[in-house]
file work.txt (compact mmCIF, C-alpha atoms and all ligand atoms)
# COMPACT_ATOMS: atom_id res chain seq x y z
CA MET X 7 161.62 112.20 105.20
CA ARG X 8 164.99 113.28 106.50
CA ILE X 9 166.96 110.43 108.03
CA GLU X 10 167.59 112.53 111.20
CA THR X 11 163.83 112.70 111.84
CA LEU X 12 164.20 109.09 113.06
CA ASP X 13 165.91 110.59 116.16
CA ILE X 14 162.59 112.06 117.35
CA LEU X 15 160.10 109.60 115.80
CA ARG X 16 158.67 106.90 118.11
CA CYS X 17 156.07 104.19 117.68
CA PRO X 18 152.67 105.45 118.95
CA PHE X 19 151.97 102.02 120.48
CA CYS X 20 155.18 100.62 122.01
CA GLY X 21 157.10 103.90 122.25
CA GLY X 22 160.09 102.27 120.56
CA ARG X 23 162.54 103.83 118.15
CA LEU X 24 162.04 103.18 114.44
CA GLU X 25 164.51 101.92 111.91
CA LEU X 26 164.41 101.60 108.15
CA VAL X 27 163.98 97.89 107.40
CA ASP X 28 166.59 97.64 104.67
CA THR X 29 165.74 94.06 103.76
CA HIS X 30 162.47 95.43 102.31
CA PHE X 31 161.98 97.59 99.22
CA HIS X 32 163.16 101.15 99.83
CA ARG X 33 164.37 104.18 97.91
CA ARG X 34 166.65 106.87 99.27
CA ASP X 35 167.65 110.22 97.84
CA GLY X 36 170.75 111.39 99.70
CA ASP X 37 169.71 111.89 103.34
CA ASP X 38 166.01 111.53 102.49
CA ILE X 39 164.04 108.30 102.65
CA VAL X 40 161.54 108.43 99.77
CA ASP X 41 159.79 105.08 100.19
CA GLY X 42 160.33 102.22 102.58
CA ILE X 43 159.24 100.40 105.71
CA LEU X 44 159.94 101.47 109.28
CA GLY X 45 159.98 98.90 112.06
CA CYS X 46 159.84 99.11 115.88
CA HIS X 47 159.36 96.41 118.58
CA CYS X 48 155.70 95.88 117.65
CA CYS X 49 154.77 97.21 114.20
CA VAL X 50 155.81 98.09 110.70
CA PHE X 51 154.86 101.43 109.13
CA PRO X 52 155.30 102.59 105.52
CA ILE X 53 157.03 105.71 104.23
CA VAL X 54 155.19 106.83 101.11
CA ALA X 55 156.38 109.75 98.95
CA GLY X 56 158.71 110.75 101.79
CA ILE X 57 155.94 110.83 104.42
CA PRO X 58 156.03 108.32 107.33
CA ILE X 59 152.56 106.92 108.01
CA MET X 60 152.40 106.22 111.74
CA HIS X 61 148.88 104.83 112.06
CA LEU X 62 147.11 101.57 111.16
CA GLU X 63 144.02 102.76 109.27
CA PRO X 64 143.05 100.39 106.40
CA ALA X 65 144.63 102.64 103.71
CA ALA X 66 147.91 102.71 105.65
CA VAL X 67 147.98 98.92 105.95
CA ALA X 68 147.23 98.56 102.22
CA ALA X 69 149.91 101.15 101.38
CA ARG X 70 152.45 99.30 103.54
CA GLU X 71 151.72 96.04 101.64
CA LEU X 72 152.16 97.89 98.32
CA VAL X 73 155.52 99.36 99.40
CA GLU X 74 156.64 95.89 100.53
CA ALA X 75 155.62 94.62 97.08
CA GLY X 76 157.82 97.28 95.46
CA ARG X 77 154.86 99.33 94.20
CA PRO X 78 155.37 102.80 95.78
CA ASP X 79 153.25 104.61 93.14
CA ALA X 80 150.26 102.39 93.93
CA ALA X 81 150.86 103.01 97.65
CA ALA X 82 150.78 106.78 97.07
CA LYS X 83 147.54 106.47 95.08
CA LYS X 84 146.05 104.54 97.99
CA MET X 85 147.09 107.21 100.50
CA PHE X 86 145.71 110.03 98.34
CA GLY X 87 142.37 108.19 98.40
CA LEU X 88 142.06 108.34 94.61
CA GLU X 89 139.88 105.28 93.96
CA ASP X 90 138.41 106.49 90.66
CA ASP X 91 140.86 105.88 87.77
CA GLY X 92 139.86 109.05 85.89
CA GLN X 93 140.32 111.22 88.97
CA ALA X 94 143.63 109.50 89.77
CA ALA X 95 144.93 110.13 86.24
CA ARG X 96 143.92 113.81 86.41
CA PHE X 97 145.58 114.23 89.80
CA GLU X 98 148.79 112.52 88.65
CA GLU X 99 148.97 114.85 85.64
CA ILE X 100 148.50 117.94 87.84
CA ALA X 101 150.95 116.68 90.49
CA ALA X 102 153.61 116.06 87.84
CA SER X 103 153.27 119.57 86.35
CA PRO X 104 155.82 122.08 87.69
CA ASN X 105 153.34 124.90 86.97
CA ALA X 106 150.40 123.45 88.92
CA THR X 107 149.15 125.63 91.77
CA TYR X 108 147.90 124.77 95.25
CA ARG X 109 144.42 125.66 93.98
CA ASP X 110 144.71 123.37 90.89
CA THR X 111 145.96 120.52 93.03
CA VAL X 112 143.23 120.90 95.66
CA ASP X 113 140.64 120.96 92.85
CA ALA X 114 142.12 117.78 91.36
CA LEU X 115 141.74 116.02 94.73
CA GLY X 116 137.96 116.34 94.39
CA ALA X 117 135.09 118.60 95.36
CA GLY X 118 134.83 117.70 99.04
CA PHE X 119 138.55 118.05 99.79
CA GLU X 120 139.50 120.87 102.22
CA GLY X 121 135.98 122.31 101.83
CA GLY X 122 137.43 124.86 99.41
CA TYR X 123 138.00 127.35 102.24
CA PHE X 124 141.69 126.81 102.87
CA LEU X 125 142.66 128.81 99.79
CA TYR X 126 141.45 131.84 101.78
CA ARG X 127 143.14 130.82 105.03
CA PHE X 128 145.83 133.52 105.05
CA SER X 129 143.35 136.34 105.73
CA ASP X 130 140.72 134.59 107.81
CA PRO X 131 140.33 135.61 111.46
CA THR X 132 141.16 132.16 112.80
CA TYR X 133 144.51 132.19 111.01
CA ILE X 134 145.32 135.81 111.91
CA VAL X 135 145.04 135.05 115.62
CA ALA X 136 146.82 131.69 115.34
CA ASP X 137 149.70 133.20 113.34
CA ALA X 138 150.17 136.09 115.78
CA VAL X 139 149.96 133.86 118.89
CA VAL X 140 152.34 131.26 117.47
CA ARG X 141 154.85 133.93 116.44
CA ALA X 142 154.58 135.51 119.90
CA VAL X 143 155.05 132.24 121.78
CA GLY X 144 157.70 130.89 119.38
CA ALA X 145 159.71 134.13 119.45
CA THR X 146 160.25 133.41 123.15
CA THR X 147 160.58 129.63 123.34
CA LEU X 148 162.47 129.17 120.05
CA GLU X 149 164.77 132.17 120.58
CA ARG X 150 167.76 129.88 121.02
CA GLY X 151 166.65 127.35 118.39
CA GLY X 152 164.86 124.05 118.82
CA ARG X 153 162.06 122.33 117.04
CA ALA X 154 158.41 123.19 116.53
CA ILE X 155 155.40 121.05 115.65
CA ASP X 156 152.00 121.87 114.18
CA VAL X 157 149.64 119.14 115.46
CA CYS X 158 146.62 118.52 113.16
CA GLY X 159 148.33 121.02 110.87
CA GLY X 160 146.38 120.11 107.70
CA SER X 161 147.93 121.58 104.57
CA GLY X 162 150.45 123.59 106.57
CA HIS X 163 149.19 127.18 106.74
CA LEU X 164 150.33 127.64 110.33
CA THR X 165 153.39 125.42 109.78
CA ARG X 166 154.47 128.15 107.36
CA SER X 167 154.65 130.59 110.31
CA LEU X 168 156.86 128.13 112.23
CA LEU X 169 159.39 128.13 109.35
CA ASP X 170 160.19 131.77 110.23
CA LEU X 171 160.85 130.96 113.89
CA THR X 172 163.49 128.25 113.85
CA PRO X 173 166.07 126.87 111.41
CA ALA X 174 165.13 123.27 112.35
CA PRO X 175 162.47 121.93 109.96
CA PRO X 176 159.09 122.15 111.70
CA ILE X 177 157.00 118.98 111.85
CA VAL X 178 153.47 119.09 110.48
CA ALA X 179 151.39 116.19 111.79
CA ASP X 180 147.99 115.26 110.39
CA LEU X 181 145.83 112.21 109.69
CA TYR X 182 145.29 113.22 106.05
CA PHE X 183 148.17 112.27 103.77
CA ALA X 184 147.06 114.52 100.89
CA LYS X 185 147.07 117.60 103.14
CA LEU X 186 150.59 116.84 104.33
CA TRP X 187 151.74 116.38 100.75
CA LEU X 188 150.26 119.80 99.89
CA ALA X 189 151.96 121.36 102.93
CA ARG X 190 155.41 120.18 101.86
CA ARG X 191 154.91 120.95 98.16
CA PHE X 192 153.23 124.36 98.39
CA THR X 193 152.30 125.87 101.73
CA ALA X 194 155.32 125.19 103.95
CA PRO X 195 158.22 123.97 101.78
CA GLY X 196 160.99 122.72 104.07
CA CYS X 197 158.61 121.32 106.68
CA GLU X 198 158.72 117.65 107.68
CA PRO X 199 155.31 115.93 107.39
CA VAL X 200 154.29 113.00 109.63
CA CYS X 201 150.98 111.23 109.05
CA CYS X 202 149.45 110.22 112.40
CA ASP X 203 146.22 110.08 114.39
CA ALA X 204 145.80 112.67 117.15
CA ASN X 205 143.37 110.28 118.89
CA ALA X 206 146.36 108.00 119.59
CA PRO X 207 149.65 108.72 121.40
CA LEU X 208 151.71 111.10 119.25
CA PRO X 209 154.59 109.31 117.45
CA PHE X 210 157.37 111.43 118.94
CA ALA X 211 159.96 111.26 121.70
CA SER X 212 159.34 113.20 124.94
CA ARG X 213 160.44 116.84 125.45
CA VAL X 214 161.75 117.37 121.91
CA PHE X 215 159.71 120.42 120.83
CA GLN X 216 160.09 124.00 122.07
CA ALA X 217 156.74 124.96 120.54
CA VAL X 218 153.76 122.61 120.23
CA VAL X 219 150.85 124.23 118.41
CA CYS X 220 147.40 123.10 117.29
CA SER X 221 144.89 125.35 115.57
CA ASP X 222 141.20 124.86 114.77
CA ALA X 223 141.36 121.14 115.43
CA PHE X 224 141.38 120.33 119.16
CA HIS X 225 137.54 120.28 119.36
CA TYR X 226 137.39 117.61 116.62
CA ILE X 227 139.48 115.18 118.68
CA TRP X 228 137.51 112.74 120.83
CA THR X 229 140.39 111.73 123.13
CA LYS X 230 141.12 115.29 124.31
CA ARG X 231 142.61 114.18 127.60
CA LEU X 232 145.12 112.02 125.78
CA LEU X 233 145.97 114.71 123.20
CA ALA X 234 146.49 117.39 125.87
CA SER X 235 148.81 115.16 127.88
CA GLU X 236 150.64 114.12 124.71
CA MET X 237 151.16 117.74 123.64
CA MET X 238 152.62 118.48 127.10
CA ARG X 239 154.77 115.32 127.00
CA ILE X 240 156.46 116.22 123.72
CA SER X 241 156.99 119.83 124.82
CA GLY X 242 160.49 120.62 126.12
CA ASP X 243 161.03 121.80 129.72
CA ASP X 244 161.30 125.42 128.50
CA GLY X 245 158.76 124.92 125.74
CA ALA X 246 155.16 126.00 125.34
CA VAL X 247 151.89 124.56 124.11
CA ALA X 248 149.53 126.84 122.17
CA VAL X 249 146.06 125.73 121.16
CA THR X 250 144.31 128.34 119.05
CA HIS X 251 140.73 128.49 117.84
CA ALA X 252 139.37 125.90 120.25
CA HIS X 253 135.57 126.04 119.94
CA ASN X 254 133.72 127.08 123.10
CA ALA X 255 130.93 124.71 124.22
CA GLN X 256 129.10 127.72 125.74
CA GLN X 257 128.50 129.18 122.27
CA TRP X 258 126.83 127.87 119.10
CA ASN X 259 129.13 127.13 116.18
CA PRO X 260 128.20 125.90 112.66
CA SER X 261 131.03 123.32 112.69
CA ALA X 262 131.21 122.77 116.43
CA GLY X 263 132.92 119.38 116.65
CA MET X 264 133.00 118.27 120.31
CA PRO X 265 133.87 121.50 122.12
CA LEU X 266 134.50 122.01 125.85
CA PRO X 267 133.66 124.94 128.13
CA PRO X 268 136.62 127.17 129.11
CA PRO X 269 137.29 125.63 132.58
CA ALA X 270 137.51 122.15 131.04
CA TYR X 271 140.18 123.29 128.59
CA ARG X 272 142.05 124.84 131.51
CA ASP X 273 141.87 121.60 133.50
CA LEU X 274 143.29 119.56 130.61
CA PHE X 275 146.48 121.66 130.48
CA GLU X 276 146.69 122.29 134.25
CA PRO X 277 150.18 120.74 134.73
CA MET X 278 151.65 123.40 132.40
CA HIS X 279 149.99 126.50 133.94
CA PRO X 280 147.60 127.36 131.09
CA ARG X 281 146.09 130.77 130.45
CA LEU X 282 142.97 131.18 128.34
CA PHE X 283 142.22 134.06 126.00
CA ALA X 284 139.04 135.11 124.20
CA GLU X 285 139.81 134.96 120.48
CA SER X 286 137.77 138.03 119.48
CA ALA X 287 139.67 140.20 121.98
CA LEU X 288 143.01 138.98 120.63
CA LEU X 289 141.84 139.61 117.06
CA ALA X 290 140.77 143.18 117.89
CA GLU X 291 144.22 143.95 119.38
CA ILE X 292 146.06 142.40 116.43
CA VAL X 293 143.98 144.32 113.89
CA ALA X 294 144.19 147.63 115.77
CA ARG X 295 147.78 147.54 117.00
CA GLY X 296 149.52 144.55 115.43
CA ALA X 297 150.20 143.32 118.96
CA VAL X 298 149.29 140.28 121.05
CA ASP X 299 148.98 140.92 124.77
CA LEU X 300 149.47 137.59 126.54
CA SER X 301 149.98 139.40 129.88
CA ARG X 302 146.35 140.42 130.20
CA ARG X 303 143.97 138.14 132.11
CA HIS X 304 140.69 137.67 130.25
CA THR X 305 137.73 137.43 132.63
CA PRO X 306 135.63 134.24 132.93
CA ASP X 307 132.67 136.18 131.47
CA ALA X 308 134.71 137.25 128.44
CA LEU X 309 135.86 133.66 127.91
CA ASP X 310 132.32 132.29 128.25
CA ALA X 311 131.00 134.80 125.73
CA ASP X 312 133.53 134.10 122.98
CA LEU X 313 133.01 131.66 120.11
CA ALA X 314 136.56 130.37 120.33
CA LEU X 315 139.46 130.31 122.76
CA THR X 316 143.21 130.42 122.68
CA ILE X 317 145.06 128.37 125.30
CA VAL X 318 148.73 129.05 126.01
CA ALA X 319 150.47 126.75 128.49
CA ALA X 320 154.06 127.26 129.61
CA THR X 321 155.94 126.95 132.88
CA ARG X 322 158.11 129.97 131.97
CA ASP X 323 156.56 133.39 132.65
CA ASP X 324 158.24 135.34 129.88
CA VAL X 325 155.77 133.96 127.33
CA PHE X 326 152.99 135.89 129.08
CA ARG X 327 153.87 139.43 128.05
CA MET X 328 152.97 141.97 125.41
CA HIS X 329 154.30 140.91 122.02
CA THR X 330 154.53 143.48 119.25
CA GLY X 331 154.67 142.07 115.74
CA SER X 332 157.22 143.19 113.20
CA SER X 333 156.51 143.91 109.54
CA ARG X 334 158.29 141.69 107.05
CA PRO X 335 159.22 143.58 103.86
CA ALA X 336 160.72 140.45 102.25
CA ALA X 337 158.22 137.74 101.34
CA ARG X 338 158.70 134.12 102.37
CA GLY X 339 156.82 133.35 99.16
CA GLU X 340 155.63 136.26 97.02
CA PHE X 341 153.42 139.30 97.58
CA ARG X 342 150.16 138.95 95.67
CA VAL X 343 146.56 140.15 95.83
CA ASN X 344 144.47 138.29 98.42
CA PRO X 345 142.47 135.62 96.51
CA LEU X 346 139.28 137.00 98.14
CA TYR X 347 139.58 140.10 95.90
CA VAL X 348 138.47 140.38 92.28
CA ALA X 349 140.22 142.99 90.11
CA GLU X 350 138.27 145.28 87.76
CA PRO X 351 140.04 147.77 85.43
CA ASP X 352 139.08 151.40 86.08
CA GLY X 353 141.14 153.69 83.77
CA GLU X 354 144.61 154.20 85.24
CA ARG X 355 143.44 152.51 88.39
CA VAL X 356 142.20 149.07 89.36
CA ARG X 357 139.31 148.39 91.71
CA LEU X 358 139.70 145.43 94.00
CA ARG X 359 136.39 144.14 95.29
CA LEU X 360 135.94 141.69 98.17
CA ARG X 361 134.09 138.55 97.01
CA PHE X 362 133.48 135.79 99.53
CA PRO X 363 133.44 132.27 98.04
CA SER X 364 130.04 131.46 99.59
CA GLU X 365 127.42 132.70 102.02
CA ASP X 366 128.55 130.05 104.46
CA TYR X 367 132.10 131.40 104.36
CA GLU X 368 130.87 134.96 104.78
CA GLN X 369 128.84 133.92 107.82
CA GLU X 370 131.51 131.76 109.45
CA TYR X 371 134.28 134.34 108.97
CA ALA X 372 132.13 137.45 109.46
CA ALA X 373 134.84 138.98 111.67
CA SER X 374 137.00 139.44 108.57
CA ARG X 375 134.67 142.35 107.66
CA THR X 376 136.29 144.29 110.50
CA TYR X 377 139.59 144.50 108.59
CA LEU X 378 138.97 143.56 104.93
CA ALA X 379 137.70 146.57 102.96
CA ASP X 380 134.77 145.95 100.58
CA ASP X 381 136.37 147.87 97.80
CA VAL X 382 139.76 149.53 97.26
CA SER X 383 141.17 151.51 94.35
CA VAL X 384 144.84 150.96 93.45
CA ASP X 385 147.19 152.52 90.92
CA ARG X 386 147.48 150.13 87.96
CA GLY X 387 151.28 150.53 87.81
CA ALA X 388 151.72 149.71 91.50
CA LEU X 389 149.65 146.56 91.13
CA ALA X 390 151.58 145.52 88.01
CA ALA X 391 154.68 145.06 90.23
CA LEU X 392 153.03 141.94 91.72
CA PRO X 393 153.95 139.18 92.26
CA ALA X 394 156.99 140.58 94.07
CA SER X 395 159.50 139.14 96.53
CA ARG X 396 159.84 142.52 98.28
CA LEU X 397 156.84 144.63 99.15
CA PRO X 398 156.61 147.59 96.71
CA ALA X 399 156.51 150.85 98.74
CA GLY X 400 153.20 151.91 97.19
CA LEU X 401 151.47 148.73 98.42
CA ALA X 402 152.55 148.83 102.09
CA ASP X 403 149.15 150.12 103.20
CA LEU X 404 147.31 147.38 101.28
CA ALA X 405 149.57 144.77 102.85
CA ARG X 406 148.78 146.17 106.31
CA ARG X 407 145.07 145.86 105.41
CA ARG X 408 145.59 142.29 104.14
CA VAL X 409 144.44 143.09 100.60
CA VAL X 410 147.99 142.16 99.56
CA LEU X 411 149.39 139.01 101.19
CA ASP X 412 152.69 137.15 101.39
CA LEU X 413 151.51 133.90 99.77
CA PRO X 414 153.26 130.64 98.90
CA VAL X 415 154.69 130.53 95.38
CA ARG X 416 152.18 128.98 92.93
CA TYR X 417 149.36 129.29 95.46
CA TYR X 418 146.50 130.24 93.11
ZN ZN Y 1 155.87 99.74 118.20

call {"tool": "encode", "arguments": {"input": "work.txt", "output": "structure tokens"}}
result
Amino acid sequence: MRIETLDILRCPFCGGRLELVDTHFHRRDGDDIVDGILGCHCCVFPIVAGIPIMHLEPAAVAARELVEAGRPDAAAKKMFGLEDDGQAARFEEIAASPNATYRDTVDALGAGFEGGYFLYRFSDPTYIVADAVVRAVGATTLERGGRAIDVCGGSGHLTRSLLDLTPAPPIVADLYFAKLWLARRFTAPGCEPVCCDANAPLPFASRVFQAVVCSDAFHYIWTKRLLASEMMRISGDDGAVAVTHAHNAQQWNPSAGMPLPPPAYRDLFEPMHPRLFAESALLAEIVARGAVDLSRRHTPDALDADLALTIVAATRDDVFRMHTGSSRPAARGEFRVNPLYVAEPDGERVRLRLRFPSEDYEQEYAASRTYLADDVSVDRGALAALPASRLPAGLADLARRRVVLDLPVRYY
């Protein structure tokens, strides 16, 4: 972690500032703390592989004892949850390889990890709405700089969008250490990961973020009242809170979590003047026009009928306007074929066919059928230009249709 991150980090329990305990084992690399122990008025927390662990789950306590004993590698193994020696050895080999991909590394973490779906995140409907909303909100509240945070950000897919909005390194906060490690290594290089529990007070100072976002996670948090007030507390006076893909309790969902009905979400964010949007209506606008209209009031019936909701809360009115997206000809990572497509040679052309990873995926993300073509034919020469850091002119239409994506380097 960067040493200046200590300026905004606070103990989740006593609210105190944290300092590196330099009487204990620690390793620094320039302005980065690689391993060490942070102390406040009440607790000690470990930094493992550059990630501060601001909770007291059993693995975190064990990892802290291992760092104190001068065994940072064993602490990292503990935090990755690699109990089986064979699996741990395989993961260490993959993690040490400069050519390993996000996909290889996720596979090495074991079958259950990430559910396998996150490889396909960059074209799924949940992400498309979250990315567009976060860019719209952030373009306003981060216009003059400031920090952003992705709460429950997992392996950093949405954090990657925040990197485009502000020069300050965005924070990605999540309970799962391995996801944060993946975010920094692959998905959102340059982000600052913080391992913490969203069911506890967030380990940050008040009013330090101009954009506080949380996607596809709020409904899994039990202490929603606490998380909502914490997200508003850490938001700056001119900042905004955006919760995207919050499951709607009025509708059935295969991975429901503990969802609320629309008025209950509104009540939670009431101090910051929230507006609610039906996700399917936002998606339709983004797909058709590349625009997000946050000025339009969605009716209570439309909100009740939608599977998921977007909540934007801000005391400034200029967030609630029509936002038109801009195309980005230069990749943050590299332009490549969407991993949902399988290539088949066809003479001078190549056929790209849409293949969902499972029936469950196809069902859960059925809305992606509205913009992902079943089958497209591409000139072989045009496709041979990929991966590319600038979008080849002949592939602009496929990029618009999300068959070609700007993906992290070494993603799959
Ligand atoms: Zn404390």

call {"tool": "closest_residue", "arguments": {"input": "work.txt", "among": "X:Ala373, X:Ala402, X:Ile100, X:Ala217", "to": "Thr172 (chain X)", "atoms": "all atoms listed in the file"}}
result
X:Ala217

call {"tool": "closest_residue", "arguments": {"input": "work.txt", "among": "X:Cys46, X:Leu24, X:Leu282, X:Leu309", "to": "ligand ZN 1 (chain Y)", "atoms": "only C-alpha atoms and all ligand atoms"}}
result
X:Cys46

call {"tool": "residues_around", "arguments": {"input": "work.txt", "residues": "Ile59 (chain X)", "least_positions_apart": "5", "cutoff": "8 Å", "atoms": "all atoms listed in the file", "output": "list in words"}}
result
Phe51, Pro52, Ile53, Val54, Ala66, Val200, Cys201 and Cys202 of chain X

call {"tool": "residues_around", "arguments": {"input": "work.txt", "residues": "region 293-307 of chain X", "least_positions_apart": "5", "cutoff": "10 Å", "atoms": "only C-alpha atoms", "output": "PyMOL selection string"}}
result
chain X and resi 131+134-135+138-139+141-143+268-269+281-284+287-288+312+318+323-333+376-377+406-407

call {"tool": "atom_distance", "arguments": {"input": "work.txt", "atom1": "CA of Leu404 (chain X)", "atom2": "CA of Ile292 (chain X)"}}
result
16.0 Å

call {"tool": "closest_atom_pairs", "arguments": {"input": "work.txt", "of": "chain X", "to": "ligand ZN 1 (chain Y)", "cutoff": "9 Å", "atoms": "only C-alpha atoms and all ligand atoms", "output": "JSON lines"}}
result
{"residue": "X:Arg16", "atom": "CA", "partner": "Y:ZN1", "partner_atom": "ZN", "distance": 7.7}
{"residue": "X:Cys17", "atom": "CA", "partner": "Y:ZN1", "partner_atom": "ZN", "distance": 4.5}
{"residue": "X:Pro18", "atom": "CA", "partner": "Y:ZN1", "partner_atom": "ZN", "distance": 6.6}
{"residue": "X:Phe19", "atom": "CA", "partner": "Y:ZN1", "partner_atom": "ZN", "distance": 5.1}
{"residue": "X:Cys20", "atom": "CA", "partner": "Y:ZN1", "partner_atom": "ZN", "distance": 4.0}
{"residue": "X:Gly21", "atom": "CA", "partner": "Y:ZN1", "partner_atom": "ZN", "distance": 5.9}
{"residue": "X:Gly22", "atom": "CA", "partner": "Y:ZN1", "partner_atom": "ZN", "distance": 5.5}
{"residue": "X:Arg23", "atom": "CA", "partner": "Y:ZN1", "partner_atom": "ZN", "distance": 7.8}
{"residue": "X:Leu24", "atom": "CA", "partner": "Y:ZN1", "partner_atom": "ZN", "distance": 8.0}
{"residue": "X:Gly45", "atom": "CA", "partner": "Y:ZN1", "partner_atom": "ZN", "distance": 7.4}
{"residue": "X:Cys46", "atom": "CA", "partner": "Y:ZN1", "partner_atom": "ZN", "distance": 4.6}
{"residue": "X:His47", "atom": "CA", "partner": "Y:ZN1", "partner_atom": "ZN", "distance": 4.8}
{"residue": "X:Cys48", "atom": "CA", "partner": "Y:ZN1", "partner_atom": "ZN", "distance": 3.9}
{"residue": "X:Cys49", "atom": "CA", "partner": "Y:ZN1", "partner_atom": "ZN", "distance": 4.9}
{"residue": "X:Val50", "atom": "CA", "partner": "Y:ZN1", "partner_atom": "ZN", "distance": 7.7}

call {"tool": "atom_distance", "arguments": {"input": "work.txt", "atom1": "CA of Ser383 (chain X)", "atom2": "CA of Ser129 (chain X)"}}
result
19.1 Å

call {"tool": "residues_around", "arguments": {"input": "work.txt", "residues": "region 363-367 of chain X", "least_positions_apart": "6", "cutoff": "12 Å", "atoms": "only C-alpha atoms", "output": "list in words"}}
result
Gly121, Gly122, Tyr123, Phe124, Leu125, Tyr126, Arg127, Asp130, Pro131, Pro260, Ser261, Pro345, Leu346, Tyr347, Val348, Ala373, Ser374 and Arg375 of chain X

call {"tool": "residues_around", "arguments": {"input": "work.txt", "residues": "Arg231 (chain X)", "least_positions_apart": "6", "cutoff": "10 Å", "atoms": "all atoms listed in the file", "output": "compact mmCIF listing (two decimals) with C-alpha atoms, in the coordinates of the input"}}
result
# COMPACT_ATOMS: atom_id res chain seq x y z
CA ASN X 205 143.37 110.28 118.89
CA TYR X 271 140.18 123.29 128.59
CA ASP X 273 141.87 121.60 133.50
CA LEU X 274 143.29 119.56 130.61
CA PHE X 275 146.48 121.66 130.48

call {"tool": "closest_residue", "arguments": {"input": "work.txt", "among": "X:Leu358, X:Ala102, X:Thr146, X:Leu26", "to": "Asp381 (chain X)", "atoms": "all atoms listed in the file"}}
result
X:Leu358

call {"tool": "closest_residue", "arguments": {"input": "work.txt", "among": "X:Arg357, X:Arg396, X:Arg191, X:Lys83", "to": "Arg342 (chain X)", "atoms": "only C-alpha atoms"}}
result
X:Arg396

call {"tool": "closest_residue", "arguments": {"input": "work.txt", "among": "X:Ala154, X:Leu401, X:Ile9, X:Ala68", "to": "Cys197 (chain X)", "atoms": "only C-alpha atoms"}}
result
X:Ala154

call {"tool": "residues_around", "arguments": {"input": "work.txt", "residues": "Val27 (chain X)", "least_positions_apart": "6", "cutoff": "8 Å", "atoms": "only C-alpha atoms", "output": "ChimeraX atom specification"}}
result
/X:42-45

call {"tool": "write_last_selection", "arguments": {"input": "work.txt", "atoms": "C-alpha atoms", "output": "compact mmCIF listing (two decimals), in the coordinates of the input"}}
result
# COMPACT_ATOMS: atom_id res chain seq x y z
CA GLY X 42 160.33 102.22 102.58
CA ILE X 43 159.24 100.40 105.71
CA LEU X 44 159.94 101.47 109.28
CA GLY X 45 159.98 98.90 112.06

call {"tool": "closest_residue", "arguments": {"input": "work.txt", "among": "X:Pro209, X:Glu354, X:His253, X:Ser161", "to": "Asp13 (chain X)", "atoms": "all atoms listed in the file"}}
result
X:Pro209

call {"tool": "atom_distance", "arguments": {"input": "work.txt", "atom1": "CA of His279 (chain X)", "atom2": "CA of Gly160 (chain X)"}}
result
27.2 Å

call {"tool": "build_atoms", "arguments": {"input": "work.txt", "residues": "region 406-414 of chain X", "atoms": "N, CA, C and O atoms", "output": "compact mmCIF listing (two decimals), in the frame of the given file"}}
result
# COMPACT_ATOMS: atom_id res chain seq x y z
N ARG X 406 149.22 146.01 104.91
CA ARG X 406 148.78 146.17 106.31
C ARG X 406 147.30 145.81 106.43
O ARG X 406 146.87 145.22 107.43
N ARG X 407 146.52 146.14 105.38
CA ARG X 407 145.07 145.86 105.41
C ARG X 407 144.73 144.47 104.88
O ARG X 407 143.57 144.13 104.66
N ARG X 408 145.75 143.69 104.57
CA ARG X 408 145.59 142.29 104.14
C ARG X 408 144.89 142.13 102.79
O ARG X 408 144.33 141.08 102.49
N VAL X 409 144.92 143.20 101.99
CA VAL X 409 144.44 143.09 100.60
C VAL X 409 145.57 142.50 99.76
O VAL X 409 145.33 141.79 98.78
N VAL X 410 146.81 142.80 100.16
CA VAL X 410 147.99 142.16 99.56
C VAL X 410 148.60 141.26 100.63
O VAL X 410 148.75 141.66 101.78
N LEU X 411 148.90 140.01 100.23
CA LEU X 411 149.39 139.01 101.19
C LEU X 411 150.71 138.39 100.71
O LEU X 411 150.97 138.33 99.50
N ASP X 412 151.49 137.94 101.67
CA ASP X 412 152.69 137.15 101.39
C ASP X 412 152.22 135.69 101.26
O ASP X 412 151.94 135.03 102.26
N LEU X 413 152.09 135.23 100.02
CA LEU X 413 151.51 133.90 99.77
C LEU X 413 152.58 132.92 99.29
O LEU X 413 153.59 133.34 98.72
N PRO X 414 152.33 131.62 99.46
CA PRO X 414 153.26 130.64 98.90
C PRO X 414 153.35 130.82 97.38
O PRO X 414 152.39 131.21 96.73
